[in-house]
Amino acid sequence: MTRIRRQWRLIAAGAVAAVLGVSSLVMSGGATADTAPVDPELPETVSADVLPTVQIDGVAWKQVIVGDTVYVGGNFTTARPAGAAAGTNETPRANMLAYRLSTGELIPGFAPSFNGQVKDMALSPDKSLLYVAGSFTQVNGVNRYRAAAINLATGAVTSFRPIFNSTTNAVAATSTAVFYGGVFTSADNTARTKVAAVSPTDTGTGLLPMNPTVSNGSVQDIVVSPDGADIVIGGNFTRVNGWSNPGYGLARIKVATGASMSLPVNSEVRNGGSNSAILSLESDGTSFYGTGYHYGSGGNLEGSFKSDWATGKLTWLEDCHGDTYSIWPTAKTVYQASHKHYCGNSGGFPETNPRSFQHSTAVTQAVRGTNTRDIYGYPDHPGTPRPEFLEWYPKWTPGTFTGANQAPWTVTANADYVVYGGEFLKVDGVAQQGLVRFAIKTIAPNKVGPALSGADFGLTATSPADGQVRLTWPGNADRDNATVTYKVYRASADAPIHTKAVTAAFWKQTTQSFLDTAAPPGTTQSYRVVAEDAFGNQSPTAWVAVDVAGEPAPPVEGIVAADTFGRAETSGWGTADTGGAWARTAGTAGSFSVSEGRGRHAIAPGATTESRLQEVSAGDVDATVSVGVSRLPDAGFVWSILGARVSGSDHYASRLRFNPDGTVGIHLVRSGSPVVGANAVPGLSVAPGDRLKVRLQVTGTAPATVRTKVWPAGSAEPSGWTYEFSDSTAANQLPGGVMLRGYGSSTIGATPVEVSYDDLKVIEP
């Protein structure tokens, strides 16, 4: 078991109580729904993208959405924009504010001032008023004893002023009554124990007759039936009107008489007394929903439940461990705020060691299974229906404002957004204090990808037999997508050699593996695995090199040189697959590297980089290579040059020209001098990261025929040549080596432009 301290509605304003949570664990099954579920029967969730939202310096207890406005009540003194550090760019706000749902920006003109914390808020049926509950005694400088109404058009406090002698925790409203619950013992100077109804026009004498007897504890929340004829209250009371079933933490009350009504769900959900409570209630018009906590004796629910308004019977029960503070139903998905750490009884995630918490979760509206017995003997609900957990698990950094070490305390939603409030400091590593928005995928940026990358996404490569490489890597969970596709690359990042889609909940990730049976024996190969979600977000492993068992194959007849750059090198390019070692013949050592299946030249303004295969000596050649740039030049141009018959300064070459606007030119060059070509090839352009294929063919002597073509990698090679010429210059009729050269004009910008090469192949035509 674990003990936490927290501030909640159970306590009077400003006090802190000790609340205890139970832990028990066993791993069970899980769901696979998310922003792009594979199972068509499961609903979509909102994205886990953290949308920028106004921040607060305390805690938010409740949010209410009205159109494009979100009203926030809590315990705070300032607001500041998203991204602003604590203590900077602050605007005074006294326990209430409003922000735009679509932008997250603070609304300047709405600033009611409460001298105590706001615990709950409820809309009037016509959405013109916001009824407020809490521990305040003044609003905008006028007396309002723990109940008030705010005119939403003006932000002014209205004449509505019931009088409660102690804290109100909850408020709900119809057109004829406003209901309050809390720890009070009088309303409008008349005895009322913890729940009361007042007229919407109450100015201190508008108390309504409803007067149930609520024994012990307090009322934490209230929901009103669809017809307004009765209410359901939740809390840690133990009897209502003398009855404990219903009446133990839950009760249904007839508004007209205050009499208790049948509530079968209370036979299953039993939270009351000093160590247990129903903490929140919500309604969607056909069902009502509740959340609970318990520690030790007195209760049996730390999760949530759904009950039918028509019958009062249980629809489903979610039996997690870790107190659940708030719940909000949408059409197909139900969102929760909690510190859940074990949901095995309800088909969810297991306990971990050290313990980890899921502060926000989503489950189905529909029943998707049956609860199982808790193997550690804690209170449980075996055989009851349960919902399904959906793959939506943002990560939260708890705050310290209440001293409870908690993150979100409240959740609210509409059809497009889900908003959480509380005392958290960060969400998914983004500084975002107290308030945050999430949105459906058509609104969200959908940039949350698989969680592991680089060194944390460990790839292991071994060679168990000749020409074979076995790769293993850990499963890589995505916070809002259960399906992750793994792509395996050998030597080059251009095309995977293996692709596999895996659908699994985050707690059911398993080690993945692949056996490459086509690895060239006797060579050193580099591998990388990329995890990709449904929206194209990628998380790669580092490149890992492995010596492939076996004897290297003899050189293929007709191949002059070849290199897939499947290795890691710094300060040079190492040795090509075929053709010998690359020589650095121009440029500084730091400008040369090989990584991620590419040979790289970092080209500074006015500088030349050049790599040659000097062990090659060929006259007739047909060479192809893949080329790309890390960025376009700010001005001027960057050249990428593929050369043949290279001897000293003599050569024939195909020279690409990358221009600032993305257009690409090409020239045929003899010993550094262009012979034919253009600074821009019609219809050809690139963006950073795009790849081009270049082909250079040199045949014959005196005259030699020199030809070139260029096309986007991945598209069909054009049948014709872009440019060609004949030449009989004596110095260029001799065999020579192969060259890759880069050059940048002086105006390309201070940051070097990286030109990368891949899949070099030089054959005898």
# chains A, B, ... in the order shown; residues from 1 in each chain; ligands from 1

call {"tool": "residues_around", "arguments": {"residues": "range 699-701 of chain A", "least_positions_apart": "5", "cutoff": "7 Å", "atoms": "only C-alpha atoms", "output": "compact mmCIF listing (two decimals) with all heavy atoms, in the first residue's frame"}}
result
# COMPACT_ATOMS: atom_id res chain seq x y z
N ASP A 620 36.37 3.40 -69.88
CA ASP A 620 34.93 3.42 -70.17
C ASP A 620 34.18 3.09 -68.89
O ASP A 620 34.36 2.02 -68.30
CB ASP A 620 34.60 2.38 -71.25
CG ASP A 620 35.12 2.79 -72.62
OD1 ASP A 620 35.73 3.87 -72.72
OD2 ASP A 620 34.93 2.02 -73.57
N VAL A 621 33.34 4.03 -68.45
CA VAL A 621 32.61 3.83 -67.20
C VAL A 621 31.17 4.31 -67.36
O VAL A 621 30.87 5.19 -68.17
CB VAL A 621 33.26 4.58 -66.01
CG1 VAL A 621 34.64 4.04 -65.73
CG2 VAL A 621 33.29 6.08 -66.26
N VAL A 706 30.65 11.71 -73.78
CA VAL A 706 30.36 11.98 -72.36
C VAL A 706 28.88 12.38 -72.24
O VAL A 706 28.42 13.29 -72.93
CB VAL A 706 31.25 13.12 -71.82
CG1 VAL A 706 31.03 13.29 -70.32
CG2 VAL A 706 32.72 12.83 -72.11
N SER A 728 38.00 15.10 -77.79
CA SER A 728 39.24 14.38 -78.12
C SER A 728 40.44 14.97 -77.41
O SER A 728 41.60 14.70 -77.81
CB SER A 728 39.46 14.41 -79.64
OG SER A 728 38.41 13.74 -80.32
N GLN A 733 41.82 11.24 -72.53
CA GLN A 733 41.56 9.97 -73.20
C GLN A 733 42.16 8.79 -72.45
O GLN A 733 42.05 7.64 -72.88
CB GLN A 733 42.10 10.02 -74.63
CG GLN A 733 41.64 11.21 -75.45
CD GLN A 733 40.13 11.40 -75.42
OE1 GLN A 733 39.38 10.48 -75.78
NE2 GLN A 733 39.66 12.58 -74.99

call {"tool": "residues_around", "arguments": {"residues": "Arg657 in chain A", "least_positions_apart": "5", "cutoff": "8 Å", "atoms": "only C-alpha atoms", "output": "VMD selection string"}}
result
chain A and resid 637 to 640 664 to 666 679 to 680

call {"tool": "write_last_selection", "arguments": {"atoms": "N, CA and C atoms", "output": "compact mmCIF listing (two decimals), in the first residue's frame"}}
result
# COMPACT_ATOMS: atom_id res chain seq x y z
N PHE A 637 25.35 29.22 -54.80
CA PHE A 637 25.07 27.85 -55.24
C PHE A 637 25.96 26.88 -54.49
N VAL A 638 25.57 25.61 -54.53
CA VAL A 638 26.38 24.48 -54.05
C VAL A 638 26.51 23.49 -55.20
N TRP A 639 27.75 23.02 -55.46
CA TRP A 639 27.99 22.03 -56.50
C TRP A 639 28.19 20.65 -55.88
N SER A 640 27.68 19.65 -56.58
CA SER A 640 27.97 18.25 -56.29
C SER A 640 28.47 17.63 -57.59
N VAL A 664 17.46 23.02 -59.67
CA VAL A 664 18.71 22.27 -59.80
C VAL A 664 19.21 22.38 -61.24
N GLY A 665 20.48 22.72 -61.37
CA GLY A 665 21.11 22.74 -62.69
C GLY A 665 22.08 21.60 -62.85
N ILE A 666 22.53 21.36 -64.09
CA ILE A 666 23.52 20.32 -64.34
C ILE A 666 24.37 20.73 -65.53
N ASN A 679 22.03 26.20 -65.68
CA ASN A 679 21.99 26.46 -64.24
C ASN A 679 20.70 26.00 -63.59
N ALA A 680 19.69 25.70 -64.40
CA ALA A 680 18.43 25.16 -63.87
C ALA A 680 17.82 24.26 -64.93

call {"tool": "residues_around", "arguments": {"residues": "Ser128 in chain A", "least_positions_apart": "2", "cutoff": "8 Å", "atoms": "only C-alpha atoms", "output": "mmCIF file with N, CA, C and O atoms, in the first residue's frame"}}
result
data_model
loop_
_atom_site.group_PDB
_atom_site.id
_atom_site.type_symbol
_atom_site.label_atom_id
_atom_site.label_comp_id
_atom_site.auth_asym_id
_atom_site.auth_seq_id
_atom_site.Cartn_x
_atom_site.Cartn_y
_atom_site.Cartn_z
ATOM 1 N N LEU A 123 -22.986 25.686 -14.935
ATOM 2 C CA LEU A 123 -23.691 26.616 -15.810
ATOM 3 C C LEU A 123 -25.173 26.651 -15.495
ATOM 4 O O LEU A 123 -25.781 25.623 -15.153
ATOM 5 N N SER A 124 -25.761 27.813 -15.640
ATOM 6 C CA SER A 124 -27.223 27.882 -15.666
ATOM 7 C C SER A 124 -27.696 27.245 -16.972
ATOM 8 O O SER A 124 -26.945 27.187 -17.957
ATOM 9 N N PRO A 125 -28.922 26.735 -17.032
ATOM 10 C CA PRO A 125 -29.388 26.081 -18.259
ATOM 11 C C PRO A 125 -29.294 26.947 -19.499
ATOM 12 O O PRO A 125 -29.059 26.431 -20.600
ATOM 13 N N ASP A 126 -29.451 28.272 -19.370
ATOM 14 C CA ASP A 126 -29.350 29.141 -20.545
ATOM 15 C C ASP A 126 -27.909 29.589 -20.823
ATOM 16 O O ASP A 126 -27.656 30.387 -21.721
ATOM 17 N N LEU A 130 -22.666 31.535 -14.351
ATOM 18 C CA LEU A 130 -21.788 30.497 -13.829
ATOM 19 C C LEU A 130 -21.946 30.490 -12.310
ATOM 20 O O LEU A 130 -21.559 31.446 -11.623
ATOM 21 N N ASN A 151 -22.033 36.679 -14.015
ATOM 22 C CA ASN A 151 -22.607 36.960 -15.329
ATOM 23 C C ASN A 151 -21.508 36.757 -16.371
ATOM 24 O O ASN A 151 -20.506 37.469 -16.379
ATOM 25 N N LEU A 152 -21.678 35.787 -17.257
ATOM 26 C CA LEU A 152 -20.611 35.445 -18.199
ATOM 27 C C LEU A 152 -20.403 36.516 -19.255
ATOM 28 O O LEU A 152 -19.318 36.603 -19.833
ATOM 29 N N ALA A 153 -21.403 37.327 -19.517
ATOM 30 C CA ALA A 153 -21.245 38.384 -20.517
ATOM 31 C C ALA A 153 -20.380 39.526 -19.994
ATOM 32 O O ALA A 153 -19.650 40.170 -20.759
#

call {"tool": "closest_residue", "arguments": {"among": "A:Asp284, A:Val214, A:Asp533, A:Thr729", "to": "Leu250 in chain A", "atoms": "only C-alpha atoms"}}
result
A:Val214

call {"tool": "residues_around", "arguments": {"residues": "range 577-580 of chain A", "least_positions_apart": "2", "cutoff": "6 Å", "atoms": "only C-alpha atoms", "output": "list in words"}}
result
Ala561, Ala562, Asp563, Thr575, Glu615 and Val616 of chain A

call {"tool": "write_last_selection", "arguments": {"atoms": "N, CA, C and O atoms", "output": "mmCIF file, in the first residue's frame"}}
result
data_model
loop_
_atom_site.group_PDB
_atom_site.id
_atom_site.type_symbol
_atom_site.label_atom_id
_atom_site.label_comp_id
_atom_site.auth_asym_id
_atom_site.auth_seq_id
_atom_site.Cartn_x
_atom_site.Cartn_y
_atom_site.Cartn_z
ATOM 1 N N ALA A 561 33.680 0.113 -59.330
ATOM 2 C CA ALA A 561 33.631 0.620 -57.958
ATOM 3 C C ALA A 561 32.194 0.606 -57.482
ATOM 4 O O ALA A 561 31.258 0.733 -58.284
ATOM 5 N N ALA A 562 32.028 0.456 -56.180
ATOM 6 C CA ALA A 562 30.692 0.486 -55.579
ATOM 7 C C ALA A 562 30.818 0.828 -54.111
ATOM 8 O O ALA A 562 31.792 0.428 -53.458
ATOM 9 N N ASP A 563 29.846 1.558 -53.583
ATOM 10 C CA ASP A 563 29.859 1.887 -52.157
ATOM 11 C C ASP A 563 28.446 2.215 -51.696
ATOM 12 O O ASP A 563 27.781 3.085 -52.270
ATOM 13 N N THR A 575 36.928 2.809 -46.471
ATOM 14 C CA THR A 575 37.147 1.983 -47.661
ATOM 15 C C THR A 575 35.821 1.636 -48.309
ATOM 16 O O THR A 575 34.879 1.193 -47.634
ATOM 17 N N GLU A 615 42.598 3.963 -56.406
ATOM 18 C CA GLU A 615 43.027 2.627 -56.816
ATOM 19 C C GLU A 615 42.306 2.163 -58.073
ATOM 20 O O GLU A 615 42.675 1.163 -58.681
ATOM 21 N N VAL A 616 41.264 2.880 -58.456
ATOM 22 C CA VAL A 616 40.518 2.559 -59.670
ATOM 23 C C VAL A 616 41.232 3.176 -60.864
ATOM 24 O O VAL A 616 41.711 4.313 -60.800
#

call {"tool": "atom_distance", "arguments": {"atom1": "CA of Arg355 in chain A", "atom2": "CA of Cys320 in chain A"}}
result
14.2 Å

call {"tool": "residues_around", "arguments": {"residues": "range 266-282 of chain A", "least_positions_apart": "3", "cutoff": "8 Å", "atoms": "only C-alpha atoms", "output": "JSON, numbers by chain"}}
result
{"A": [9, 19, 20, 216, 217, 220, 221, 222, 223, 233, 234, 235, 236, 237, 238, 245, 246, 247, 248, 249, 250, 251, 263, 288, 289, 290, 291, 292, 293, 294, 295, 296, 297, 298, 299, 300, 301, 314, 324, 325, 326, 327, 328, 329, 381]}

call {"tool": "residues_around", "arguments": {"residues": "Ser591 in chain A", "least_positions_apart": "4", "cutoff": "7 Å", "atoms": "only C-alpha atoms", "output": "VMD selection string"}}
result
chain A and resid 571 587 601 to 603

call {"tool": "select_by_dssp", "arguments": {"residues": "range 659-726 of chain A", "states": "strand (DSSP E)", "output": "VMD selection string"}}
result
chain A and resid 664 to 670 673 to 678 692 to 699 704 to 712 723 to 726

call {"tool": "closest_residue", "arguments": {"among": "A:Leu668, A:Val694, A:Ala635, A:Ala653", "to": "Ser745 in chain A", "atoms": "only C-alpha atoms"}}
result
A:Ala635

call {"tool": "closest_residue", "arguments": {"among": "A:Ala187, A:Ile56, A:Val488, A:Val646", "to": "Ser199 in chain A", "atoms": "only C-alpha atoms"}}
result
A:Ala187

call {"tool": "closest_residue", "arguments": {"among": "A:Thr442, A:Asn95, A:Thr168, A:Ser356", "to": "Thr397 in chain A", "atoms": "only C-alpha atoms"}}
result
A:Ser356

call {"tool": "atom_distance", "arguments": {"atom1": "CA of Gly74 in chain A", "atom2": "CA of Ser102 in chain A"}}
result
21.4 Å

call {"tool": "closest_residue", "arguments": {"among": "A:Ala337, A:Ala451, A:Val66, A:Val363", "to": "Ala98 in chain A", "atoms": "only C-alpha atoms"}}
result
A:Val66

call {"tool": "select_by_dssp", "arguments": {"residues": "range 121-346 of chain A", "states": "helix (DSSP H, G or I)", "output": "CSV table (one decimal) with N, CA and C atoms, in the first residue's frame"}}
result
chain,number,residue,atom,x,y,z
A,264,PRO,N,-29.4,1.1,-7.0
A,264,PRO,CA,-28.8,-0.2,-6.9
A,264,PRO,C,-27.2,-0.2,-7.0
A,265,VAL,N,-26.7,0.8,-7.8
A,265,VAL,CA,-25.2,0.9,-7.9
A,265,VAL,C,-24.5,1.0,-6.6
A,266,ASN,N,-25.2,1.5,-5.5
A,266,ASN,CA,-24.6,1.7,-4.2
A,266,ASN,C,-24.4,0.3,-3.5
A,267,SER,N,-25.0,-0.7,-4.0
A,267,SER,CA,-24.7,-2.0,-3.5
A,267,SER,C,-23.4,-2.5,-3.9
A,344,GLY,N,-4.7,-4.0,-13.5
A,344,GLY,CA,-4.8,-5.3,-14.0
A,344,GLY,C,-6.2,-6.0,-13.8
A,345,ASN,N,-6.9,-5.6,-12.7
A,345,ASN,CA,-8.2,-6.2,-12.5
A,345,ASN,C,-9.2,-5.9,-13.6
A,346,SER,N,-8.9,-4.7,-14.3
A,346,SER,CA,-9.8,-4.3,-15.4
A,346,SER,C,-9.2,-4.4,-16.8

call {"tool": "decode", "arguments": {"residues": "range 52-66 of chain A", "atoms": "all heavy atoms", "output": "tab-separated table (two decimals), in the first residue's frame"}}
result
chain	number	residue	atom	x	y	z
A	52	PRO	N	-0.44	24.50	-26.48
A	52	PRO	CA	-0.11	25.61	-25.58
A	52	PRO	C	-1.36	26.22	-24.95
A	52	PRO	O	-2.35	26.50	-25.63
A	52	PRO	CB	0.60	26.60	-26.51
A	52	PRO	CG	0.19	26.22	-27.90
A	52	PRO	CD	-0.03	24.74	-27.86
A	53	THR	N	-1.28	26.41	-23.64
A	53	THR	CA	-2.43	26.87	-22.86
A	53	THR	C	-1.93	27.82	-21.78
A	53	THR	O	-0.82	27.68	-21.28
A	53	THR	CB	-3.13	25.66	-22.19
A	53	THR	OG1	-3.38	24.64	-23.17
A	53	THR	CG2	-4.45	26.06	-21.54
A	54	VAL	N	-2.77	28.80	-21.44
A	54	VAL	CA	-2.41	29.71	-20.35
A	54	VAL	C	-2.06	28.90	-19.10
A	54	VAL	O	-2.59	27.81	-18.87
A	54	VAL	CB	-3.57	30.69	-20.07
A	54	VAL	CG1	-4.81	29.95	-19.57
A	54	VAL	CG2	-3.16	31.76	-19.08
A	55	GLN	N	-1.14	29.41	-18.30
A	55	GLN	CA	-0.67	28.71	-17.11
A	55	GLN	C	-1.10	29.46	-15.85
A	55	GLN	O	-1.41	30.65	-15.90
A	55	GLN	CB	0.85	28.58	-17.13
A	55	GLN	CG	1.40	27.88	-18.36
A	55	GLN	CD	2.91	27.80	-18.34
A	55	GLN	OE1	3.49	26.90	-17.75
A	55	GLN	NE2	3.56	28.77	-18.98
A	56	ILE	N	-1.09	28.74	-14.72
A	56	ILE	CA	-1.44	29.34	-13.43
A	56	ILE	C	-0.35	29.02	-12.42
A	56	ILE	O	0.48	28.13	-12.64
A	56	ILE	CB	-2.81	28.84	-12.92
A	56	ILE	CG1	-2.82	27.30	-12.82
A	56	ILE	CG2	-3.93	29.34	-13.81
A	56	ILE	CD1	-4.08	26.73	-12.20
A	57	ASP	N	-0.37	29.73	-11.29
A	57	ASP	CA	0.66	29.54	-10.27
A	57	ASP	C	0.17	28.72	-9.08
A	57	ASP	O	0.82	28.69	-8.04
A	57	ASP	CB	1.19	30.90	-9.79
A	57	ASP	CG	0.13	31.73	-9.09
A	57	ASP	OD1	-1.07	31.36	-9.16
A	57	ASP	OD2	0.49	32.75	-8.47
A	58	GLY	N	-0.96	28.04	-9.22
A	58	GLY	CA	-1.50	27.25	-8.11
A	58	GLY	C	-2.11	25.96	-8.58
A	58	GLY	O	-1.44	25.14	-9.22
A	59	VAL	N	-3.39	25.79	-8.31
A	59	VAL	CA	-4.09	24.56	-8.68
A	59	VAL	C	-5.45	24.91	-9.28
A	59	VAL	O	-6.12	25.85	-8.84
A	59	VAL	CB	-4.27	23.64	-7.45
A	59	VAL	CG1	-5.09	24.30	-6.36
A	59	VAL	CG2	-4.88	22.30	-7.86
A	60	ALA	N	-5.85	24.17	-10.29
A	60	ALA	CA	-7.19	24.29	-10.88
A	60	ALA	C	-8.02	23.11	-10.40
A	60	ALA	O	-7.60	21.95	-10.53
A	60	ALA	CB	-7.10	24.30	-12.40
A	61	TRP	N	-9.21	23.42	-9.87
A	61	TRP	CA	-10.11	22.36	-9.38
A	61	TRP	C	-11.24	22.04	-10.37
A	61	TRP	O	-11.81	20.96	-10.32
A	61	TRP	CB	-10.74	22.78	-8.05
A	61	TRP	CG	-9.80	22.91	-6.90
A	61	TRP	CD1	-9.58	24.03	-6.16
A	61	TRP	CD2	-8.97	21.90	-6.32
A	61	TRP	NE1	-8.66	23.78	-5.16
A	61	TRP	CE2	-8.27	22.48	-5.24
A	61	TRP	CE3	-8.74	20.56	-6.62
A	61	TRP	CZ2	-7.37	21.76	-4.45
A	61	TRP	CZ3	-7.83	19.84	-5.84
A	61	TRP	CH2	-7.17	20.44	-4.78
A	62	LYS	N	-11.57	22.99	-11.24
A	62	LYS	CA	-12.70	22.75	-12.14
A	62	LYS	C	-12.56	23.61	-13.39
A	62	LYS	O	-12.09	24.76	-13.32
A	62	LYS	CB	-14.03	23.11	-11.43
A	62	LYS	CG	-15.29	22.85	-12.25
A	62	LYS	CD	-15.56	21.35	-12.42
A	62	LYS	CE	-16.90	21.10	-13.11
A	62	LYS	NZ	-17.19	19.65	-13.24
A	63	GLN	N	-12.96	23.05	-14.55
A	63	GLN	CA	-13.05	23.82	-15.79
A	63	GLN	C	-14.43	23.59	-16.41
A	63	GLN	O	-14.95	22.47	-16.37
A	63	GLN	CB	-11.96	23.40	-16.78
A	63	GLN	CG	-10.55	23.66	-16.29
A	63	GLN	CD	-9.51	23.48	-17.37
A	63	GLN	OE1	-9.31	24.35	-18.21
A	63	GLN	NE2	-8.83	22.34	-17.35
A	64	VAL	N	-14.99	24.63	-16.98
A	64	VAL	CA	-16.30	24.56	-17.64
A	64	VAL	C	-16.14	25.15	-19.04
A	64	VAL	O	-15.63	26.26	-19.21
A	64	VAL	CB	-17.37	25.36	-16.86
A	64	VAL	CG1	-18.68	25.41	-17.64
A	64	VAL	CG2	-17.59	24.71	-15.48
A	65	ILE	N	-16.57	24.40	-20.06
A	65	ILE	CA	-16.47	24.84	-21.44
A	65	ILE	C	-17.80	25.40	-21.90
A	65	ILE	O	-18.85	24.76	-21.76
A	65	ILE	CB	-16.06	23.67	-22.36
A	65	ILE	CG1	-14.68	23.13	-21.97
A	65	ILE	CG2	-16.06	24.10	-23.83
A	65	ILE	CD1	-14.27	21.87	-22.73
A	66	VAL	N	-17.76	26.62	-22.47
A	66	VAL	CA	-18.94	27.24	-23.07
A	66	VAL	C	-18.51	27.76	-24.43
A	66	VAL	O	-17.82	28.78	-24.54
A	66	VAL	CB	-19.49	28.39	-22.21
A	66	VAL	CG1	-20.78	28.93	-22.82
A	66	VAL	CG2	-19.72	27.94	-20.77
